[in-house]
Structure formats: C-alpha cells, structure tokens
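The block underneath contains the structure these notes are about, expressed in structure tokens.
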Amino acid sequence: MKFNLADVFETVADAVPERIALSYEGRQISYAELDGLANQVAHLLSGAGIGAHDNVSLFLKNSVEHVTSLLGLLKIRAVPVNINYRYTNAELQYIFDNSDSRAIIVEVPEHQRSVAALLPELSTVRAVFVIGEVDDALAAAAAGLPDGRTVQIVSFADTAGQSTERDFEARNGEELYLLYTGGTTGYPKGVMWQHDDFFRKPLSGGNPYGEARKDLDEIASAVKDFPSMAFLLAAPLMHGAASYSLFTFFTLGGRLVIQRDFDPAAIVSEVEKEKVQIILIVGDAMGMPLVEEFERRAGEVDLSSLFSVTSGGAIWSQHVRDRFLGVKADLVLRDNFGASESGNDGEIMMDDNGNLRVPPTDKMMVVDERHNRIEPGSGEVGYIARIGNVPLGYYKDEEKSAKTFPTLADGTRISILGDMGAVEADGSIVFLGRGSQCINTGGEKVYAEEVEATLHAHPAVADALVVPVPDERYGQRVAAVIAVADGAIEPSLDEIQEHCRETLARYKVPRTVVYVDEVKRTPAGKADYRWAKSAAAAAGETAGAAS
C-alpha cells in the first residue's frame with residue numbers, strides 16, 4: 001500500500017486517543033484532541049477555498065497552531081510549504097512566488113507586516129490566515145491590491161466554530177509534501193516528496209527501531225504496545241530535521257514537547273518538568289549553548305529521565321558530545337545523517353582517526369561521475385548516492401532535478417547531493433564533505449568538513465569553518481575561520497596546527513587561521529561559506545600564514 005501522512009496520524013489517534021500527543025507551555029493535548037483541532041483547521045481552510053494540491057505557506061514559529069495547521073493541510077490533501085521566519089523580505093518573496101502559494105498562514109505582527117509589504121507582488125495568493133490579531137498593515141494591504149485582485153484575511157480564531165468531523169475525501173499516498181531547503185548558496189529549492197516516499201525514508205517506514213510497517217493495521221497494533229516517549233524538539237518546526245522527527249514520533253505514538261523559541265534555560269527546566277527522554281538539536285549551533293546551560297545547572301535539575309540527545313541537519317562536534325557525557329555519562333548520543341533531498345540516512349559517527357563514517361547500509365552507495373557504483377575497498381573517492389525512496393525532484397526546476405535525482409539504467413532512483421566519500425572494504429562509507437567545498441592545494445584535495453570536524457574537537461574552538469585562500473605556490477591553501485569558546489584562551493596558529501596533525505595529513509592542516517567573534521551561518525543554520533571566504537580574504541596576511 002501507499003502511505004498518506006494524514007491517514008497515518010489518524011490511525012495513531014484512533015489507536016491511542018487518550019495518550020498525550022503534544023506538550024506546549026504547560027498545555028497537554030491528547031491525540032484525540034489534537035486530531036479534532038486539526039479537523040477544525042482543515043474545515044477552516046476548505047471554507048476559504050483551499051483544497052487538494054493547493055500549496056500553502058506556513059510562516060510560523062513553533063506553536064500548537066503550527067502543528068494543527070500542518071496536520072489540517074495534510075487532511076485535505078493540500079501541500080504545506082515550510083517558511084524560514086528568519087528570511088529577509090526578498091527571500092520570502094522568492095519562496096512565496098516560487099512555491100505558487102495559494103495561501104499563507106502567519107502569526108507574529110512583524111511577519112504579518114512582511115506579508116503586507118509583499119502581497120501586491122504575490123499574484124497566486126488568495127487568502128491569508130492570521131493567528132491572533134490582524135495587523136493594520138496587512139488589513140490595509142489586502143484591501144488595496146491592484147487590478148481588482150482580492151485576498152481574504154481569515155481569522156484563525158474561527159476554527160473554534162468549525163466541525164471536528166473527518167468528512168474529507170479519500171487520500172492515496174501520492175500527495176506532495178514540499179520541503180524548501182536552506183541552501184548555502186543561492187535561493188532555497190523546493191524538494192517534492194511524495195507522501196509514501198516521505199513515510200518510508202525520512203520516517204523510516206514508521207519504525208526507526210526495526211522493520212518498516214507494512215500497513216495501517218500494523219501501525220495501530222504496534223503503537224498500542226510501544227511506550228509513550230517524551231521527545232523535545234529544540235529545533236524550529238520549519239526545519240527539515242524537526243519535521244522528520246515530528247512525524248516519526250507521532251507515528252510511534254510519542255509525546256512531542258515543543259517550545260516557542262530555542263531557549264537553553266527553558267529546555268533544561270523542561271527536561272525535569274516534562275520528564276523528557278530525548279532531545280533533538282541541530283548541530284553545535286544548538287548543542288554548544290545547551291550543554292553550557294546543563295553544565296551551569298549541574299545538580300540543580302533532575303535529569304534522570306533523559307537518556308538521549310540527537311543531532312540532525314548539521315555536524316555535531318566530538319568536543320560538544322564529550323561535554324554532554326560529562327553532564328550525564330550514560331547519555332546515548334546520536335548524529336543523524338540526512339538531508340532535505342534524502343531523508344534519514346542513518347547515524348554518522350566519528351572514528352578514532354577523526355573520520356566521519358556511516359556504517360554499512362543498503363540506503364547508500366558511492367558512485368563515480370557516470371553513476372557507476374564504486375566497489376568497497378577500492379580507495380576511489382566518489383559521490384555518496386542515496387537509494388530508493390527519494391524525492392520526485394525540485395519544484396519547477398527540471399534541470400537541477402535531473403542532476404540531483406537521476407534514475408539508473410536498472411530503474412533505481414538515487415539522490416546525489418554532492419557529498420564526497422569512499423567505501424571501505426567492510427562497506428562503511430567515510431564522509432569527506434561536499435565537493436563544492438573541496439580545496440585543491442598543490443593538486444591534493446582537502447574536504448572542508450573533514451578539517452572542520454577535527455577543529456571542533458579542540459576544546460578552545462566553539463565553531464569553525466574551513467575555506468580556501470589564494471596561495472602563490474600551491475594555488476590554494478587551507479584557511480580556518482574560528483570562534484573561540486567562552487572562557488577559553490585563543491590558541492596560537494602553532495597550537496591549532498599541532499592539534500590537526502594528530503589526525504590529518506599535513507596538506508590538510510590549516511596554514512591560515514582567522515579568529516572572529518561569531519561564525520556566521522545561514523538563516524537555516526547551515527555553514528555560510530561565502531561569508532567565511534570573505535572573512536578569510538579580508539584578514540589577508542595579517543591572519544598569519546605558516547609555510
């Protein structure tokens with residue numbers, strides 16, 4: 001059968017209706033209640049003309065309404081579009097326009113004013129759903145559109161008068177889920193996931209701990225026996241890793257704990273209050289301030305319920321992982337490997353030599369430029385390819401879709417994102433980094449992420465990016481842009497190089513180090529290599545280069 005995400009959620013809600021599904025700011029919402037709220041949102045959307053295959057942008061921070069909006073859209077076969085609320089108006093206009101959004105759901109007054117400023121240019125938008133009070137600027141913009149075009153302003157408060165019934169049309173699992181990536185260069189791209197592929201890959205077939213579920217009856221039976229785990233999403237719901245986790249734990253009948261914003265102090269308090277068992281973070285950007293808060297309050301809070309911290313969407317350094325273990329030695333730490341274009345690819349680990357490694361898996365292989373499989377143990381470097389249930393492509397971009405999501409001669413669908421790797425004799429894959437971030441120094445190739453992982457293991461390094469800078473002799477040399485950890489002494493170039501030589505070949509060791517107050521990342525939290533190159537170039541020879 002083909003799985004539809006709304007069908008899956010409703011199956012779980014019927015199986016464990018009284019179980020708590022969502023905890024938010026002290027509010028406890030059962031699966032039955034959450035299903036009813038989502039049904040009301042679905043009817044509100046339908047009443048305003050939103051239906052199957054309509055794309056709707058969720059311009060929202062974390063909230064109960066964010067979750068019910070997402071579920072409500074899925075129930076009527078509409079397509080949710082995730083919006084990064086940190087984007088500028090130019091970036092927002094691009095996504096609203098590129099996604100052909102028929103409606104926008106928005107809450108924060110500042111965000112409403114952004115929509116108001118863009119509304120005259122958004123020709124496909126027919127309705128704006130507002131959570132809370134409607135900002136005057138938005139109301140005025142909707143009333144004064146050119147060419148007689150009209151846009152409904154619908155109050156989300158009207159959901160209270162809507163039906164809680166599930167009188168929706170049948171679904172088939174071929175509906176779309178549109179996930180916009182936070183690209184490191186250029187504007188984001190909309191990744192088109194079919195619901196069935198989304199369920200089987202990002203959601204691990206409804207069971208990340210074993211065999212994939214075969215049908216809805218198996219989901220219903222399994223969820224009754226599966227213990228209700230409390231899972232805290234520290235990441236914003238608009239982030240791909242968060243949406244994967246949200247649906248995964250709903251499918252397991254878990255309890256999702258969400259917060260309005262990322263607040264380390266509030267998260268630590270919530271662990272004790274809500275008896276949180278698992279926390280999801282996004283790399284060191286969240287991991288570092290969170291572990292610092294755990295360290296500050298060591299002995300003050302009860303952490304007995306917490307058994308795992310998981311990172312997804314960004315590499316998590318060994319240094320920060322070790323500090324978490326210093327807080328609670330028995331924590332299970334996971335670094336999930338995946339992407340918007342591939343879903344959940346499994347766990348990535350750092351070996352004794354500092355290499356990022358993925359255990360043998362049938363979800364991935366390494367191919368050459370002609371998409372031929374590279375044999376294990378050959379030592380050849382190639383492109384890491386995800387296999388099987390991959391997206392249909394990028395929304396309205398056939399050229400990039402053909403390049404990223406090719407189909408092999410035998411009909412196998414794969415996803416190639418530019419990650420470089422090599423297959424060891426045992427079938428494990430060593431992750432080297434993005435080919436686009438490859439540094440060519442005297443003919444030797446250096447992958448930025450490999451060096452970054454080593455730098456992050458230095459106790460004085462809070463964050464680091466690695467980029468090329470021009471070199472008269474070698475063409476390019478390796479440069480590191482580093483932010484020093486709070487309370488740490490800025491290490492010298494010699495100290496950084498000595499640390500790197502312990503695990504890296506000499507040609508990979510940074511010959512230039514630039515210190516900054518903060519390593520900048522994109523609004524989606526990804527490495528901003530364009531900024532890092534500018535920072536390294538601006539520092540010039542004053543940064544100190546070694547032969």
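All residue names refer to the structure tokens as shown: chains lettered A, B, ... in order, residues numbered from 1 in each chain, ligands numbered from 1 in order.
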
task = From a DSSP calculation on the backbone, collect every residue of region 272-449 of chain A in strand (DSSP E) and output the set as a ChimeraX atom specification.
result = /A:278-281,308-312,332-339,343-347,349-350,356-358,364-367,382-387,393-394,414-423,429-434,438-441,444-447

Per-residue nearest contacts region 318-394 of chain A to region 193-200 of chain A, cut-off 7 Å, using only C-alpha atoms, as a Markdown table:
```
| residue | atom | partner | partner_atom | distance |
| --- | --- | --- | --- | --- |
| A:Asn389 | CA | A:Asp197 | CA | 5.0 |
| A:Val390 | CA | A:Asp197 | CA | 6.4 |
| A:Pro391 | CA | A:Trp193 | CA | 4.6 |
| A:Leu392 | CA | A:Trp193 | CA | 6.1 |
```

Selection: 8 Å around region 316-333 of chain A, only C-alpha atoms, excl. self and same-chain fewer than 5 positions, as an mmCIF file with C-alpha atoms, in the first residue's frame:
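Output saved as result37.cif:
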```cif
data_model
loop_
_atom_site.group_PDB
_atom_site.id
_atom_site.type_symbol
_atom_site.label_atom_id
_atom_site.label_comp_id
_atom_site.auth_asym_id
_atom_site.auth_seq_id
_atom_site.Cartn_x
_atom_site.Cartn_y
_atom_site.Cartn_z
ATOM 1 C CA VAL A 282 20.693 20.903 15.144
ATOM 2 C CA GLY A 283 24.481 20.596 15.431
ATOM 3 C CA ASP A 284 26.815 22.690 17.544
ATOM 4 C CA GLY A 287 24.463 21.860 21.147
ATOM 5 C CA MET A 288 27.060 24.294 22.498
ATOM 6 C CA VAL A 291 25.437 21.879 27.071
ATOM 7 C CA PHE A 294 23.404 21.900 31.519
ATOM 8 C CA GLU A 295 26.876 22.446 32.980
ATOM 9 C CA ALA A 298 24.535 20.620 37.159
ATOM 10 C CA LEU A 306 16.873 11.979 29.855
ATOM 11 C CA PHE A 307 18.612 9.131 28.053
ATOM 12 C CA SER A 308 19.426 10.519 24.587
ATOM 13 C CA VAL A 309 20.423 13.684 22.748
ATOM 14 C CA THR A 310 20.238 13.533 18.964
ATOM 15 C CA SER A 311 21.559 15.962 16.366
ATOM 16 C CA MET A 350 33.487 9.748 14.212
ATOM 17 C CA ALA A 453 35.372 18.041 12.416
ATOM 18 C CA HIS A 456 35.657 21.227 16.535
ATOM 19 C CA ALA A 457 37.385 18.614 18.685
ATOM 20 C CA HIS A 458 39.769 21.279 20.038
ATOM 21 C CA PRO A 459 38.496 22.377 23.477
#
```

message = Can you pull out the residues contacting Val430 (chain A)? Cut-off 12 Å, using only C-alpha atoms, and skip same-chain residues under 2 positions away; I want them as an NGL selection string.
response = :A and (348-351 or 353-360 or 364-366 or 376-377 or 379-384 or 419-428 or 432-433 or 447 or 449-450)

Can those selected residues be exported to a file as a PDB file, in the first residue's frame so that it contains C-alpha atoms?
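Output contents, as saved in part-v6.pdb:
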```
ATOM      1  CA  ILE A 348      27.081   9.154  11.264  1.00  0.00           C
ATOM      2  CA  MET A 349      29.939   8.520  13.690  1.00  0.00           C
ATOM      3  CA  MET A 350      33.487   9.748  14.212  1.00  0.00           C
ATOM      4  CA  ASP A 351      36.126   7.015  14.308  1.00  0.00           C
ATOM      5  CA  ASN A 353      41.158   8.799  13.380  1.00  0.00           C
ATOM      6  CA  GLY A 354      38.670  11.666  13.295  1.00  0.00           C
ATOM      7  CA  ASN A 355      36.903  10.405  10.155  1.00  0.00           C
ATOM      8  CA  LEU A 356      33.146  10.809   9.819  1.00  0.00           C
ATOM      9  CA  ARG A 357      31.824   7.376   8.980  1.00  0.00           C
ATOM     10  CA  VAL A 358      28.453   5.794   8.136  1.00  0.00           C
ATOM     11  CA  PRO A 359      28.106   2.052   8.916  1.00  0.00           C
ATOM     12  CA  PRO A 360      27.354  -0.352   6.043  1.00  0.00           C
ATOM     13  CA  MET A 364      23.515   4.481   0.287  1.00  0.00           C
ATOM     14  CA  MET A 365      26.314   3.728  -2.134  1.00  0.00           C
ATOM     15  CA  VAL A 366      29.209   5.669  -3.664  1.00  0.00           C
ATOM     16  CA  PRO A 376      34.278  -1.321  -1.488  1.00  0.00           C
ATOM     17  CA  GLY A 377      37.954  -1.118  -0.628  1.00  0.00           C
ATOM     18  CA  GLY A 379      40.121   3.643  -2.296  1.00  0.00           C
ATOM     19  CA  GLU A 380      38.418   5.652  -5.028  1.00  0.00           C
ATOM     20  CA  VAL A 381      36.627   8.829  -3.975  1.00  0.00           C
ATOM     21  CA  GLY A 382      33.157   9.380  -5.436  1.00  0.00           C
ATOM     22  CA  TYR A 383      29.709  10.824  -4.806  1.00  0.00           C
ATOM     23  CA  ILE A 384      27.569   9.472  -1.983  1.00  0.00           C
ATOM     24  CA  ASP A 419      28.702  14.740  -0.697  1.00  0.00           C
ATOM     25  CA  MET A 420      32.003  13.010  -1.420  1.00  0.00           C
ATOM     26  CA  GLY A 421      33.034   9.738   0.161  1.00  0.00           C
ATOM     27  CA  ALA A 422      34.940   6.480  -0.105  1.00  0.00           C
ATOM     28  CA  VAL A 423      33.733   2.936   0.585  1.00  0.00           C
ATOM     29  CA  GLU A 424      35.857   0.894   2.965  1.00  0.00           C
ATOM     30  CA  ALA A 425      36.365  -2.848   2.492  1.00  0.00           C
ATOM     31  CA  ASP A 426      33.731  -3.568   5.158  1.00  0.00           C
ATOM     32  CA  GLY A 427      31.115  -1.487   3.292  1.00  0.00           C
ATOM     33  CA  SER A 428      31.207   1.501   5.637  1.00  0.00           C
ATOM     34  CA  LEU A 432      34.680  13.542   3.173  1.00  0.00           C
ATOM     35  CA  GLY A 433      32.452  16.559   2.593  1.00  0.00           C
ATOM     36  CA  TYR A 447      37.374  18.450   2.057  1.00  0.00           C
ATOM     37  CA  GLU A 449      34.015  19.223   6.602  1.00  0.00           C
ATOM     38  CA  GLU A 450      36.782  16.738   7.413  1.00  0.00           C
TER      39      GLU A 450
END
```

Between CA of Val481 (chain A) and CA of Val514 (chain A), distance in Å (one decimal) = 4.8 Å

query = With only C-alpha atoms as the atoms that count, which of A:Glu270, A:Lys75, A:Thr88, A:Ala48 lies nearest to Gly26 (chain A)?
reply =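 Using only C-alpha atoms, Gly26 (chain A) sits closest to A:Glu270.
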
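Using only C-alpha atoms, the shortest contact distance between Ala285 (chain A) and any of A:Gly393, A:Asn336, A:Ala462, A:Gly47 is found at A:Ala462.
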
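When only C-alpha atoms are used to compute distances to Pro146 (chain A), the closest of the residues A:Pro109, A:Gly132, A:Pro202, A:Pro120 turns out to be A:Pro120.
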
inquiry  = Applying 6 Å and only C-alpha atoms, which residues near region 245-257 of chain A remain after dropping the ones on its own chain fewer than 3 positions away? List them as a ChimeraX atom specification.
reply    = /A:20-23,203,206,223,228-232,242

task = With a distance cut-off of 7 Å and only C-alpha atoms, select the neighbouring residues of Ala137 (chain A), excluding the residue or stretch itself and same-chain residues fewer than 2 positions from it, and output the selection as an MDAnalysis selection string.
result = chainID A and resid 113 116 135 139:141

Taking N, CA and C atoms for each residue, export the selection above as a CSV table (one decimal), in the first residue's frame.
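Contents of again19.csv, as written:
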```csv
chain,number,residue,atom,x,y,z
A,113,ARG,N,3.5,42.1,8.8
A,113,ARG,CA,3.9,43.3,8.0
A,113,ARG,C,4.8,42.9,6.8
A,116,ALA,N,2.4,41.8,4.3
A,116,ALA,CA,1.7,43.0,3.8
A,116,ALA,C,2.5,43.7,2.7
A,135,ASP,N,-2.7,42.5,11.9
A,135,ASP,CA,-2.0,43.8,11.9
A,135,ASP,C,-2.7,44.7,10.9
A,139,ALA,N,-4.1,44.2,6.9
A,139,ALA,CA,-5.5,44.5,6.5
A,139,ALA,C,-5.6,45.6,5.4
A,140,ALA,N,-4.8,46.6,5.5
A,140,ALA,CA,-4.8,47.7,4.5
A,140,ALA,C,-4.2,47.2,3.2
A,141,ALA,N,-3.2,46.3,3.2
A,141,ALA,CA,-2.6,45.8,2.0
A,141,ALA,C,-3.6,44.9,1.3
```

Shell of 6 Å around region 258-262 of chain A, only C-alpha atoms, local chain residues under 3 positions omitted, as a PyMOL selection string = chain A and resi 24+62+232-234

query = Which is closest to Val56 (chain A) among A:Phe156, A:Phe96, A:Tyr187, A:Tyr87, if we use only C-alpha atoms?
reply =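 So, comparing all the options, the nearest one is A:Phe96.
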
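Residue nearest Ser57 (chain A) within the list A:Val151, A:Leu303, A:Met238, A:Ala38: A:Met238 [criterion: smallest interatomic distance, only C-alpha atoms].
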
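The interatomic distance for the pair CA of Arg530 (chain A) and CA of Asn84 (chain A) works out to 19.7 Å.
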
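Among the candidates A:Glu452, A:Glu18, A:Glu169, A:Glu133, the one nearest to Ala157 (chain A) when counting only C-alpha atoms is A:Glu133.
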
request  = If you run DSSP over the backbone, which residues in region 276-451 of chain A end up alpha helix (DSSP H)? Put them as a VMD selection string.
outcome  = chain A and resid 283 to 296 318 to 327 398 to 404 448 to 451
